[in-house]
Structure formats: structure tokens, C-alpha cells
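To be precise, the following lines are entry.cif, and they hold mmCIF, C-alpha atoms.
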data_entry
loop_
_atom_site.group_PDB
_atom_site.id
_atom_site.type_symbol
_atom_site.label_atom_id
_atom_site.label_comp_id
_atom_site.auth_asym_id
_atom_site.auth_seq_id
_atom_site.Cartn_x
_atom_site.Cartn_y
_atom_site.Cartn_z
ATOM 1 C CA MET A 237 93.222 112.458 78.084
ATOM 2 C CA ARG A 238 93.706 111.459 74.482
ATOM 3 C CA LEU A 239 96.016 108.772 73.139
ATOM 4 C CA ARG A 240 99.315 110.168 71.921
ATOM 5 C CA SER A 241 101.334 109.076 68.940
ATOM 6 C CA ALA A 242 104.385 106.877 69.351
ATOM 7 C CA LEU A 243 106.576 109.692 68.033
ATOM 8 C CA HIS A 244 105.208 112.181 70.554
ATOM 9 C CA SER A 245 105.695 109.761 73.449
ATOM 10 C CA ALA A 246 109.211 108.883 72.365
ATOM 11 C CA ALA A 247 110.141 112.562 72.272
ATOM 12 C CA LEU A 248 108.611 113.078 75.682
ATOM 13 C CA LEU A 249 110.580 110.198 77.173
ATOM 14 C CA ALA A 250 113.797 111.478 75.664
ATOM 15 C CA GLY A 251 113.238 114.722 77.526
ATOM 16 C CA LEU A 252 112.374 112.929 80.745
ATOM 17 C CA LEU A 253 115.479 110.775 80.644
ATOM 18 C CA SER A 254 117.660 113.852 80.215
ATOM 19 C CA HIS A 255 116.509 114.844 83.714
ATOM 20 C CA PRO A 256 116.786 111.620 85.746
ATOM 21 C CA VAL A 257 114.505 111.756 88.741
ATOM 22 C CA MET A 258 116.962 110.008 91.034
ATOM 23 C CA ALA A 259 120.665 109.311 91.069
ATOM 24 C CA ARG A 260 121.892 106.128 89.488
ATOM 25 C CA PRO A 261 123.055 103.329 91.769
ATOM 26 C CA VAL A 262 126.531 103.987 93.116
ATOM 27 C CA MET A 263 127.318 100.664 94.799
ATOM 28 C CA ALA A 264 130.131 98.756 93.115
ATOM 29 C CA GLN A 265 128.261 95.515 93.803
ATOM 30 C CA VAL A 266 125.099 96.776 92.105
ATOM 31 C CA SER A 267 125.621 97.927 88.548
ATOM 32 C CA PRO A 268 123.153 99.375 86.002
ATOM 33 C CA PRO A 269 123.795 97.305 82.848
ATOM 34 C CA THR A 270 121.968 97.475 79.557
ATOM 35 C CA ALA A 271 118.638 95.711 79.400
ATOM 36 C CA SER A 272 120.112 93.028 77.139
ATOM 37 C CA THR A 273 122.658 91.871 79.718
ATOM 38 C CA THR A 274 122.372 88.146 80.419
ATOM 39 C CA LEU A 275 121.888 87.411 84.096
ATOM 40 C CA LYS A 276 124.119 84.972 85.884
ATOM 41 C CA LYS A 277 122.714 82.265 88.139
ATOM 42 C CA GLY A 278 121.449 83.844 91.337
ATOM 43 C CA GLU A 279 121.285 87.389 89.933
ATOM 44 C CA ILE A 280 118.069 89.362 89.752
ATOM 45 C CA ARG A 281 117.340 92.497 87.751
ATOM 46 C CA LEU A 282 114.977 95.258 88.823
ATOM 47 C CA THR A 283 114.028 98.083 86.457
ATOM 48 C CA TYR A 284 112.119 101.100 87.735
ATOM 49 C CA LEU A 285 109.083 101.985 85.596
ATOM 50 C CA GLY A 286 108.092 105.070 87.574
ATOM 51 C CA ASN A 287 105.708 105.673 90.479
ATOM 52 C CA ALA A 288 105.338 102.236 92.167
ATOM 53 C CA GLY A 289 106.081 100.359 88.943
ATOM 54 C CA TRP A 290 108.809 97.761 88.476
ATOM 55 C CA GLU A 291 109.975 95.044 86.144
ATOM 56 C CA ILE A 292 111.621 92.198 88.067
ATOM 57 C CA THR A 293 113.289 89.221 86.401
ATOM 58 C CA ASP A 294 115.785 86.466 87.031
ATOM 59 C CA GLY A 295 116.178 85.953 83.295
ATOM 60 C CA THR A 296 113.490 83.272 83.227
ATOM 61 C CA LYS A 297 110.246 84.949 84.204
ATOM 62 C CA ILE A 298 109.308 88.637 84.023
ATOM 63 C CA VAL A 299 107.105 90.027 86.776
ATOM 64 C CA LEU A 300 105.722 93.561 86.551
ATOM 65 C CA VAL A 301 104.540 95.483 89.597
ATOM 66 C CA ASP A 302 101.929 98.287 89.350
ATOM 67 C CA PRO A 303 103.017 99.314 85.835
ATOM 68 C CA PHE A 304 101.892 102.903 85.171
ATOM 69 C CA LEU A 305 103.817 104.154 82.158
ATOM 70 C CA THR A 306 100.951 106.537 81.426
ATOM 71 C CA GLN A 307 102.152 108.752 84.276
ATOM 72 C CA PHE A 308 104.796 110.268 81.998
ATOM 73 C CA ALA A 309 102.154 111.624 79.620
ATOM 74 C CA ARG A 310 101.103 114.263 82.140
ATOM 75 C CA TRP A 311 104.400 116.126 81.654
ATOM 76 C CA ALA A 312 103.846 116.771 77.955
ATOM 77 C CA PRO A 313 103.408 120.473 77.077
ATOM 78 C CA GLY A 314 99.856 121.669 77.636
ATOM 79 C CA THR A 315 98.811 118.610 79.667
ATOM 80 C CA GLN A 316 97.050 118.960 83.012
ATOM 81 C CA ARG A 317 99.619 118.043 85.645
ATOM 82 C CA ASP A 318 97.116 116.387 87.994
ATOM 83 C CA GLY A 319 95.727 114.199 85.237
ATOM 84 C CA PRO A 320 92.033 114.064 84.335
ATOM 85 C CA ALA A 321 89.253 115.030 86.736
ATOM 86 C CA GLN A 322 87.373 112.249 88.535
ATOM 87 C CA THR A 323 84.559 112.251 85.968
ATOM 88 C CA ASP A 324 86.856 112.393 82.922
ATOM 89 C CA LEU A 325 88.008 109.409 80.892
ATOM 90 C CA TYR A 326 91.412 108.091 81.914
ATOM 91 C CA LEU A 327 92.997 106.236 79.014
ATOM 92 C CA PRO A 328 96.193 104.169 79.151
ATOM 93 C CA ASP A 329 98.839 105.696 76.879
ATOM 94 C CA THR A 330 99.569 102.771 74.574
ATOM 95 C CA ALA A 331 102.557 104.468 72.950
ATOM 96 C CA LEU A 332 104.311 104.836 76.293
ATOM 97 C CA ILE A 333 103.396 101.273 77.218
ATOM 98 C CA ASN A 334 104.720 99.912 73.929
ATOM 99 C CA ALA A 335 107.950 101.873 74.325
ATOM 100 C CA HIS A 336 108.832 100.125 77.582
ATOM 101 C CA VAL A 337 106.952 96.851 77.830
ATOM 102 C CA SER A 338 107.467 94.098 75.313
ATOM 103 C CA LYS A 339 107.246 90.979 77.492
ATOM 104 C CA ALA A 340 105.695 90.064 80.816
ATOM 105 C CA ASP A 341 104.568 86.833 82.443
ATOM 106 C CA TYR A 342 102.804 88.181 85.530
ATOM 107 C CA ILE A 343 101.543 91.560 86.734
ATOM 108 C CA LEU A 344 101.184 92.228 90.464
ATOM 109 C CA VAL A 345 98.695 94.960 91.367
ATOM 110 C CA THR A 346 98.851 96.320 94.927
ATOM 111 C CA HIS A 347 95.539 98.222 94.677
ATOM 112 C CA GLY A 348 93.110 99.742 92.225
ATOM 113 C CA HIS A 349 94.021 103.426 92.072
ATOM 114 C CA PRO A 350 94.910 104.559 88.532
ATOM 115 C CA ASP A 351 98.592 105.127 89.341
ATOM 116 C CA HIS A 352 98.795 101.397 90.090
ATOM 117 C CA ALA A 353 96.151 99.660 87.964
ATOM 118 C CA LEU A 354 95.494 101.860 84.929
ATOM 119 C CA ASP A 355 97.859 100.138 82.469
ATOM 120 C CA ALA A 356 97.590 96.543 83.698
ATOM 121 C CA GLY A 357 94.748 95.418 81.438
ATOM 122 C CA VAL A 358 96.343 96.797 78.277
ATOM 123 C CA ILE A 359 99.686 95.203 79.175
ATOM 124 C CA SER A 360 98.046 91.841 79.903
ATOM 125 C CA ASN A 361 96.323 91.877 76.512
ATOM 126 C CA LYS A 362 99.589 92.854 74.806
ATOM 127 C CA THR A 363 101.830 90.275 76.498
ATOM 128 C CA GLY A 364 99.501 87.559 77.761
ATOM 129 C CA ALA A 365 100.604 88.260 81.328
ATOM 130 C CA ILE A 366 98.534 86.957 84.232
ATOM 131 C CA ILE A 367 97.286 89.683 86.580
ATOM 132 C CA ILE A 368 97.371 89.008 90.329
ATOM 133 C CA GLY A 369 95.458 91.289 92.684
ATOM 134 C CA HIS A 370 92.276 91.962 94.639
ATOM 135 C CA GLU A 371 88.828 91.560 93.064
ATOM 136 C CA THR A 372 88.889 95.261 92.181
ATOM 137 C CA ALA A 373 92.085 94.793 90.142
ATOM 138 C CA ALA A 374 90.459 91.832 88.399
ATOM 139 C CA ASN A 375 87.293 93.794 87.594
ATOM 140 C CA LEU A 376 89.269 96.728 86.209
ATOM 141 C CA ALA A 377 91.148 94.278 83.979
ATOM 142 C CA ARG A 378 87.885 92.632 82.901
ATOM 143 C CA ALA A 379 86.772 96.069 81.684
ATOM 144 C CA TYR A 380 89.564 95.718 79.107
ATOM 145 C CA ASP A 381 88.378 92.215 78.173
ATOM 146 C CA VAL A 382 91.170 90.407 80.001
ATOM 147 C CA PRO A 383 89.820 86.834 80.285
ATOM 148 C CA ASP A 384 89.343 85.129 83.642
ATOM 149 C CA ALA A 385 92.042 82.630 82.693
ATOM 150 C CA LYS A 386 94.517 85.532 82.927
ATOM 151 C CA LEU A 387 93.311 86.686 86.364
ATOM 152 C CA ILE A 388 94.278 85.368 89.798
ATOM 153 C CA THR A 389 92.217 87.016 92.522
ATOM 154 C CA VAL A 390 93.760 87.094 96.003
ATOM 155 C CA ILE A 391 92.725 88.553 99.354
ATOM 156 C CA GLY A 392 95.990 88.459 101.321
ATOM 157 C CA GLY A 393 97.506 85.506 103.161
ATOM 158 C CA GLU A 394 98.057 83.301 100.114
ATOM 159 C CA ASP A 395 101.491 81.825 99.488
ATOM 160 C CA TYR A 396 101.589 80.416 95.965
ATOM 161 C CA ASP A 397 104.214 78.397 94.098
ATOM 162 C CA PHE A 398 104.626 79.240 90.405
ATOM 163 C CA ASP A 399 107.523 76.819 89.734
ATOM 164 C CA ASP A 400 110.060 79.481 88.667
ATOM 165 C CA PHE A 401 109.178 81.726 91.610
ATOM 166 C CA SER A 402 106.840 81.878 94.576
ATOM 167 C CA LEU A 403 104.680 84.683 95.895
ATOM 168 C CA ARG A 404 103.423 85.471 99.365
ATOM 169 C CA VAL A 405 100.461 87.863 99.365
ATOM 170 C CA ILE A 406 100.581 90.202 102.351
ATOM 171 C CA PRO A 407 97.531 92.018 103.761
ATOM 172 C CA ASN A 408 98.270 95.734 103.796
ATOM 173 C CA ILE A 409 96.708 99.183 104.254
ATOM 174 C CA HIS A 410 96.797 102.333 102.175
ATOM 175 C CA SER A 411 98.738 105.493 102.909
ATOM 176 C CA ALA A 412 97.115 107.950 105.326
ATOM 177 C CA LEU A 413 95.954 110.468 102.722
ATOM 178 C CA ASP A 414 93.958 113.635 103.303
ATOM 179 C CA ASP A 415 95.456 114.372 106.712
ATOM 180 C CA LYS A 416 94.455 110.885 107.886
ATOM 181 C CA HIS A 417 90.870 111.259 106.609
ATOM 182 C CA TYR A 418 91.477 108.826 103.757
ATOM 183 C CA TYR A 419 88.585 106.477 104.533
ATOM 184 C CA ASN A 420 86.012 109.242 104.967
ATOM 185 C CA ASN A 421 87.151 111.591 102.218
ATOM 186 C CA THR A 422 84.848 113.031 99.579
ATOM 187 C CA ARG A 423 87.017 112.162 96.564
ATOM 188 C CA GLY A 424 85.526 108.719 96.031
ATOM 189 C CA ILE A 425 88.835 106.856 95.895
ATOM 190 C CA THR A 426 88.002 104.082 98.365
ATOM 191 C CA GLY A 427 85.578 101.185 97.958
ATOM 192 C CA ASN A 428 85.501 98.372 95.420
ATOM 193 C CA ALA A 429 85.159 98.334 91.640
ATOM 194 C CA PRO A 430 82.188 96.187 90.557
ATOM 195 C CA ARG A 431 81.998 93.617 87.806
ATOM 196 C CA GLY A 432 80.510 94.789 84.566
ATOM 197 C CA LEU A 433 82.688 97.849 83.937
ATOM 198 C CA LYS A 434 83.559 98.453 80.289
ATOM 199 C CA ALA A 435 86.469 100.468 78.971
ATOM 200 C CA PRO A 436 87.048 103.281 78.389
ATOM 201 C CA LEU A 437 86.883 103.973 82.116
ATOM 202 C CA ARG A 438 86.733 107.219 84.015
ATOM 203 C CA ARG A 439 89.170 108.175 86.700
ATOM 204 C CA LYS A 440 86.482 107.661 89.360
ATOM 205 C CA ASP A 441 86.291 103.956 88.418
ATOM 206 C CA TYR A 442 89.797 103.354 89.763
ATOM 207 C CA VAL A 443 89.062 102.906 93.462
ATOM 208 C CA GLU A 444 91.393 101.242 95.946
ATOM 209 C CA GLY A 445 89.590 97.934 96.426
ATOM 210 C CA GLY A 446 91.816 96.895 99.319
ATOM 211 C CA ASN A 447 95.583 96.953 99.563
ATOM 212 C CA LEU A 448 98.269 94.304 99.232
ATOM 213 C CA ALA A 449 102.010 93.973 99.574
ATOM 214 C CA TYR A 450 103.951 91.029 98.152
ATOM 215 C CA LEU A 451 106.990 88.925 98.972
ATOM 216 C CA LEU A 452 108.424 87.701 95.668
ATOM 217 C CA ARG A 453 110.901 84.829 95.936
ATOM 218 C CA MET A 454 112.845 84.677 92.684
ATOM 219 C CA GLY A 455 116.331 83.600 91.643
ATOM 220 C CA GLY A 456 117.398 82.939 95.216
ATOM 221 C CA HIS A 457 116.280 86.411 96.348
ATOM 222 C CA GLU A 458 113.311 87.567 98.404
ATOM 223 C CA VAL A 459 111.870 90.919 97.353
ATOM 224 C CA LEU A 460 109.382 92.807 99.509
ATOM 225 C CA ILE A 461 107.083 94.891 97.308
ATOM 226 C CA MET A 462 105.083 97.802 98.707
ATOM 227 C CA GLY A 463 102.712 100.035 96.754
ATOM 228 C CA SER A 464 101.757 102.408 99.563
ATOM 229 C CA MET A 465 103.324 104.420 102.360
ATOM 230 C CA ASN A 466 101.843 102.248 105.083
ATOM 231 C CA TYR A 467 101.912 98.683 106.367
ATOM 232 C CA ILE A 468 100.568 96.312 108.987
ATOM 233 C CA GLU A 469 103.557 95.723 111.238
ATOM 234 C CA ARG A 470 102.613 92.223 112.366
ATOM 235 C CA GLU A 471 102.403 91.135 108.709
ATOM 236 C CA MET A 472 105.972 92.330 108.102
ATOM 237 C CA VAL A 473 107.578 90.742 111.153
ATOM 238 C CA GLY A 474 109.690 87.740 110.236
ATOM 239 C CA LEU A 475 109.692 88.164 106.452
ATOM 240 C CA HIS A 476 113.447 88.893 106.180
ATOM 241 C CA PRO A 477 113.657 89.943 102.509
ATOM 242 C CA ASP A 478 117.108 90.744 101.186
ATOM 243 C CA ILE A 479 115.586 93.440 98.914
ATOM 244 C CA ALA A 480 112.871 95.849 100.082
ATOM 245 C CA LEU A 481 110.999 98.137 97.678
ATOM 246 C CA VAL A 482 109.621 100.588 100.232
ATOM 247 C CA GLY A 483 106.806 103.049 99.508
ATOM 248 C CA SER A 484 108.546 106.159 100.716
ATOM 249 C CA ASN A 485 107.139 109.492 99.595
ATOM 250 C CA SER A 486 106.243 112.109 102.223
ATOM 251 C CA GLN A 487 102.976 110.364 103.082
ATOM 252 C CA ARG A 488 105.060 107.980 105.196
ATOM 253 C CA LEU A 489 105.486 110.822 107.693
ATOM 254 C CA GLU A 490 101.828 110.429 108.677
ATOM 255 C CA VAL A 491 102.752 107.034 110.184
ATOM 256 C CA PHE A 492 104.476 106.690 113.567
ATOM 257 C CA GLU A 493 108.180 105.848 113.153
ATOM 258 C CA PHE A 494 107.459 104.464 109.698
ATOM 259 C CA THR A 495 111.002 103.651 108.601
ATOM 260 C CA GLY A 496 112.447 102.507 111.904
ATOM 261 C CA ARG A 497 109.623 100.114 112.691
ATOM 262 C CA LEU A 498 109.645 98.711 109.177
ATOM 263 C CA MET A 499 113.396 98.065 109.073
ATOM 264 C CA LYS A 500 113.222 96.296 112.431
ATOM 265 C CA ALA A 501 110.214 94.196 111.426
ATOM 266 C CA LEU A 502 111.958 93.102 108.214
ATOM 267 C CA GLY A 503 115.206 92.203 109.975
ATOM 268 C CA ASN A 504 117.196 95.007 108.283
ATOM 269 C CA PRO A 505 117.159 94.127 104.555
ATOM 270 C CA ALA A 506 120.481 93.981 102.722
ATOM 271 C CA VAL A 507 119.160 96.346 100.032
ATOM 272 C CA VAL A 508 116.547 99.098 100.413
ATOM 273 C CA ILE A 509 115.149 100.840 97.325
ATOM 274 C CA PRO A 510 112.583 103.661 97.516
ATOM 275 C CA THR A 511 109.460 103.378 95.395
ATOM 276 C CA HIS A 512 106.385 105.564 94.850
ATOM 277 C CA ALA A 513 108.626 108.594 95.447
ATOM 278 C CA ASP A 514 109.319 110.049 91.986
ATOM 279 C CA ALA A 515 106.751 112.894 92.112
ATOM 280 C CA TYR A 516 104.593 111.049 89.550
ATOM 281 C CA GLY A 517 107.175 111.306 86.785
ATOM 282 C CA ASP A 518 108.008 114.967 87.277
ATOM 283 C CA PRO A 519 111.257 115.540 85.326
ATOM 284 C CA LYS A 520 111.987 118.557 87.529
ATOM 285 C CA PRO A 521 110.988 117.562 91.062
ATOM 286 C CA SER A 522 110.649 120.303 93.646
ATOM 287 C CA ALA A 523 113.312 121.068 96.213
ATOM 288 C CA ALA A 524 110.942 119.751 98.873
ATOM 289 C CA ALA A 525 110.574 116.414 97.061
ATOM 290 C CA LEU A 526 114.338 116.048 96.684
ATOM 291 C CA ALA A 527 114.864 116.904 100.339
ATOM 292 C CA ASP A 528 112.305 114.305 101.372
ATOM 293 C CA ARG A 529 114.078 111.588 99.378
ATOM 294 C CA LYS A 530 117.299 112.475 101.152
ATOM 295 C CA LYS A 531 115.489 112.388 104.487
ATOM 296 C CA PHE A 532 114.211 108.876 103.785
ATOM 297 C CA GLN A 533 117.730 107.742 102.939
ATOM 298 C CA GLN A 534 118.927 109.128 106.254
ATOM 299 C CA GLU A 535 116.096 107.373 108.079
ATOM 300 C CA VAL A 536 117.192 104.057 106.587
ATOM 301 C CA ALA A 537 120.835 104.726 107.466
ATOM 302 C CA THR A 538 119.883 105.419 111.056
ATOM 303 C CA ALA A 539 117.522 102.469 111.466
ATOM 304 C CA SER A 540 119.474 99.916 109.431
ATOM 305 C CA PRO A 541 123.063 101.138 108.921
ATOM 306 C CA LYS A 542 124.231 97.973 107.166
ATOM 307 C CA SER A 543 121.539 98.183 104.468
ATOM 308 C CA ARG A 544 122.631 99.333 100.998
ATOM 309 C CA PHE A 545 120.402 102.188 99.837
ATOM 310 C CA ILE A 546 119.876 102.405 96.082
ATOM 311 C CA SER A 547 118.066 105.319 94.431
ATOM 312 C CA PRO A 548 116.585 104.092 91.139
ATOM 313 C CA THR A 549 116.528 105.915 87.814
ATOM 314 C CA TRP A 550 113.639 105.399 85.413
ATOM 315 C CA PHE A 551 114.249 102.478 83.018
ATOM 316 C CA ILE A 552 117.853 101.888 84.151
ATOM 317 C CA PRO A 553 118.216 98.238 85.249
ATOM 318 C CA ILE A 554 119.657 97.406 88.667
ATOM 319 C CA VAL A 555 121.291 93.991 88.961
ATOM 320 C CA ILE A 556 121.560 92.491 92.418
ATOM 321 C CA PRO A 557 124.191 89.734 92.656
ATOM 322 C CA ALA A 558 123.590 86.259 93.997
ATOM 323 C CA ARG A 559 123.074 86.003 97.749
ATOM 324 C CA ARG A 560 126.013 84.769 99.730
#

Conversion result in C-alpha cells:
Amino acid sequence: MRLRSALHSAALLAGLLSHPVMARPVMAQVSPPTASTTLKKGEIRLTYLGNAGWEITDGTKIVLVDPFLTQFARWAPGTQRDGPAQTDLYLPDTALINAHVSKADYILVTHGHPDHALDAGVISNKTGAIIIGHETAANLARAYDVPDAKLITVIGGEDYDFDDFSLRVIPNIHSALDDKHYYNNTRGITGNAPRGLKAPLRRKDYVEGGNLAYLLRMGGHEVLIMGSMNYIEREMVGLHPDIALVGSNSQRLEVFEFTGRLMKALGNPAVVIPTHADAYGDPKPSAAALADRKKFQQEVATASPKSRFISPTWFIPIVIPARR
């Protein structure tokens, strides 16, 4: 994949936004304001960056989750839809990154696959953001010369106070890919990334390196963040977030009673938002993908009927009001 010009990427995004991947929020209590809107005390703003990517802020600190703006480059005319082959270079698209990321204080990486970790190093160097993730996420960032002072390596179980917010790191497991043969597949997407890698990296360098979920406490809210369609149930029990970003594409169907068990474990969150369910930035998702999103919404309604379900649109902010 080659780097694209800012003009090309801007034109591409204009086309993508003319075909929003999901409906805008419809709840009267949850409005999609402009990005410049000043947040009131107790409000929190979440902006969907595509795939499992989010910008979350209370107006004081900006936390990014699995930013992967490069995903939108694959929908340019003449581009391979599946991205580069495992042995090909996989380059962050700096024009797409620059178009949508200007500031960040922290970057949370759930695991090391390219659709979660590819852009993190470039964004950290651009903004000075501190990257939090497994050793693999740190080593992938080091390949882009992110200094150790900007890396916090975690293993799951930590609960850290950052003054303006706090972060609980939750041990997690990856989606059950390849008809549940994920951990003995031949694609080389498991394992750990070693120290000593140097950019530019190849797609095969972006291995999982373990999996994490996060509980972000910010602005009076508690946000559960998932980057995969799987979880360890005992780690979710008792968290009680008011906002849950749930990995929810069709891979969840490989897991027994995925949605029902999760809603019960979390104590039925007030707000449920699907993530990792946008068909990797496809501006014209298939009928099957659209039907699956509707199915997930119905699963939530059945398991947790009092939860508000919000379908995000790329780059349209969602403001959640102060908790009562």
C-alpha cells in the first residue's frame, strides 16, 4: 500500500460520509453535535473512528481507542479490498490520520492486529499521546520510534489513576476466528511481536500479542471498551459500566449466548453501542452485514430491554449526558 495524498484521502472520505455505515443516534437524550461543542460538566463525547476505533473525551483529556483511520483507504478505486498480503508492507495512511486526528493524550490498544494497532505509533508521534497496551503494542510502536516514556505496558488486572480519569485493564480473549481454529491457524496472526522491529512493517508483523478490554472512568461515566467479539465472563461480572462499546460483528455468534451473558454480567448498561461492526469501512455494506447489525440490536433489546442502543456513524460525535 502506498501513501496517498491529502487531497485524494479527503475526496475518499467525502464519498464515504455520503454513505453512512450506520444510522445516526435517534435518542433525544443523546445528540450528535458538532465536534466544537463545549461539553457540560458530567457529559462525555464519543466519536466513532471506524472499525474498533473511538475518540472519547470529557473536554479535558482525549483518549483514543484502537485508531485505524487507514481502513478507509482500502475503498479507494483500484485498491485491494482485503488490504495487503501478509508479506506486503502495511503503511499507515498519514493523510487519513491527519484529516481526523489533531489531538490525543492517550491511546488504548486492545491487541496488535493491524486493524487495531497500525496507526497508533504515527498518532503518538504526531500528538505526543501515551500508548497503553500489551508488550506487542509497545514493540509495534517502538518500530515507529515512539520513546519508552510514551509507552505504558500492561498485562491485564491493573487499575491506574491518571488524575483526570482512571483505567481498569481487563484480561480478555480474541474472537473465535477461522471456525474456532484461531489459535492453530496458518495465517500467522497470533503470537507476540518482538523488540527490534523497524518501520516500515509488513502485515505479518501485526500479531495479536494478547488481548485486553478496558474500563475507562471519565467525567463521571464508566465506559467498557471491547476490541474483539469475545470476553472472559468472570472479568466482566460486577463492572457495571453505564456505557458499553461492545465488539459485535458476526464473529460473536461463535460464542455461546454472547449478548445475553454479557449484558447480565455487566448489570445491563444504560447505553450499548456496537463497535468493530462496520465491515471495515465499507461504504456499501452487504445486506448480510446490515441484517447482522439489526440482529445484534434485537439481542440487546431482548437481554437488556432498558438499555439505550445507539448505532454510531463515522466521525459524528455522540454526547452522553451526565449520570443521574

Check your understanding: So how many Å separate CA of Ala527 (chain A) and CA of Thr511 (chain A), to one decimal?
Key ->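 Taking CA of Ala527 (chain A) as the start and CA of Thr511 (chain A) as the end point, the length is 15.4 Å.
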
**Residue IDs satisfying the PyMOL selection byres ((chain A and resi 510) around 12), as a ChimeraX atom specification** = /A:258-259,261,284,286-290,460-465,479-486,488,495,507-509,511-514,528-533,535-536,544-549

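The gap separating CA of Ser338 (chain A) from CA of Trp550 (chain A) is 16.4 Å, in Å to one decimal.
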
Q. Given the choices A:Pro430, A:Ile554, A:Arg560, A:Ala412, which gets closest to Phe492 (chain A) if the distance is worked out from only C-alpha atoms?
A.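 Closest to Phe492 (chain A), using only C-alpha atoms: A:Ala412.
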
- Starting from the shown file, work through the PyMOL selection byres ((chain A and resi 341) around 12) and note down what comes out as a ChimeraX atom specification. /A:291-293,295-301,337-340,342-344,359-368,386-387,398,400-401

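Atom pair CA of Pro350 (chain A) / CA of Leu526 (chain A) has a distance of 24.0 Å (rounded to one decimal).
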
| Can you list what the PyMOL selection byres ((chain A and resi 393) around 10) grabs from this structure, as a ChimeraX atom specification? | /A:390-392,394-396,404-407,448,450,471

Around (88.5, 102.6, 98.4) in the file's own coordinates, what residues are found within 9 Å if you use all atoms listed in the file, given back as a ChimeraX atom specification?
/A:348-349,418-419,424-429,442-446

(message) Just checking: using only C-alpha atoms, which residue out of A:Arg559, A:Arg439, A:Lys276, A:Arg470 ends up closest to Leu327 (chain A)?
(response)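 That would be A:Arg439, the residue with the smallest distance to Leu327 (chain A).
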
Box for region 325-334 of chain A: with edges along x, y and z, all listed atoms inside and 5 Å added on each side, what are the centre and edge lengths in Å to one decimal, as JSON?
{"center_x": 96.4, "center_y": 104.7, "center_z": 77.4, "size_x": 26.7, "size_y": 19.5, "size_z": 19.0}

Closest of A:Ala537, A:Leu275, A:Ala379, A:Met499 to Lys434 (chain A), counting only C-alpha atoms, is A:Ala379

Across A:His457, A:Arg431, A:Lys520, A:Lys416, the smallest distance to Glu279 (chain A), with only C-alpha atoms counted, is shown by A:His457

Using only C-alpha atoms, which residue out of A:Asn447, A:Glu493, A:Lys440, A:Val382 lies closest to Gln322 (chain A)?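 Answer, going by the shortest atom-to-atom distance: A:Lys440.
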
Q | Counting all atoms listed in the file, the option among A:Ala374, A:Leu354, A:Ile409, A:Leu452 closest to Asn466 (chain A) | A |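 So, comparing all the options, the nearest one is A:Ile409.
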
Notebook entry, point to check: Hey, what's within 6 Å of Pro505 (chain A) if we count only C-alpha atoms and toss same-chain stuff fewer than 3 positions away? As a list in words, please?
Noted result: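 In the requested form, the answer reads Pro477, Asp478, Ile479 and Ser543 of chain A.
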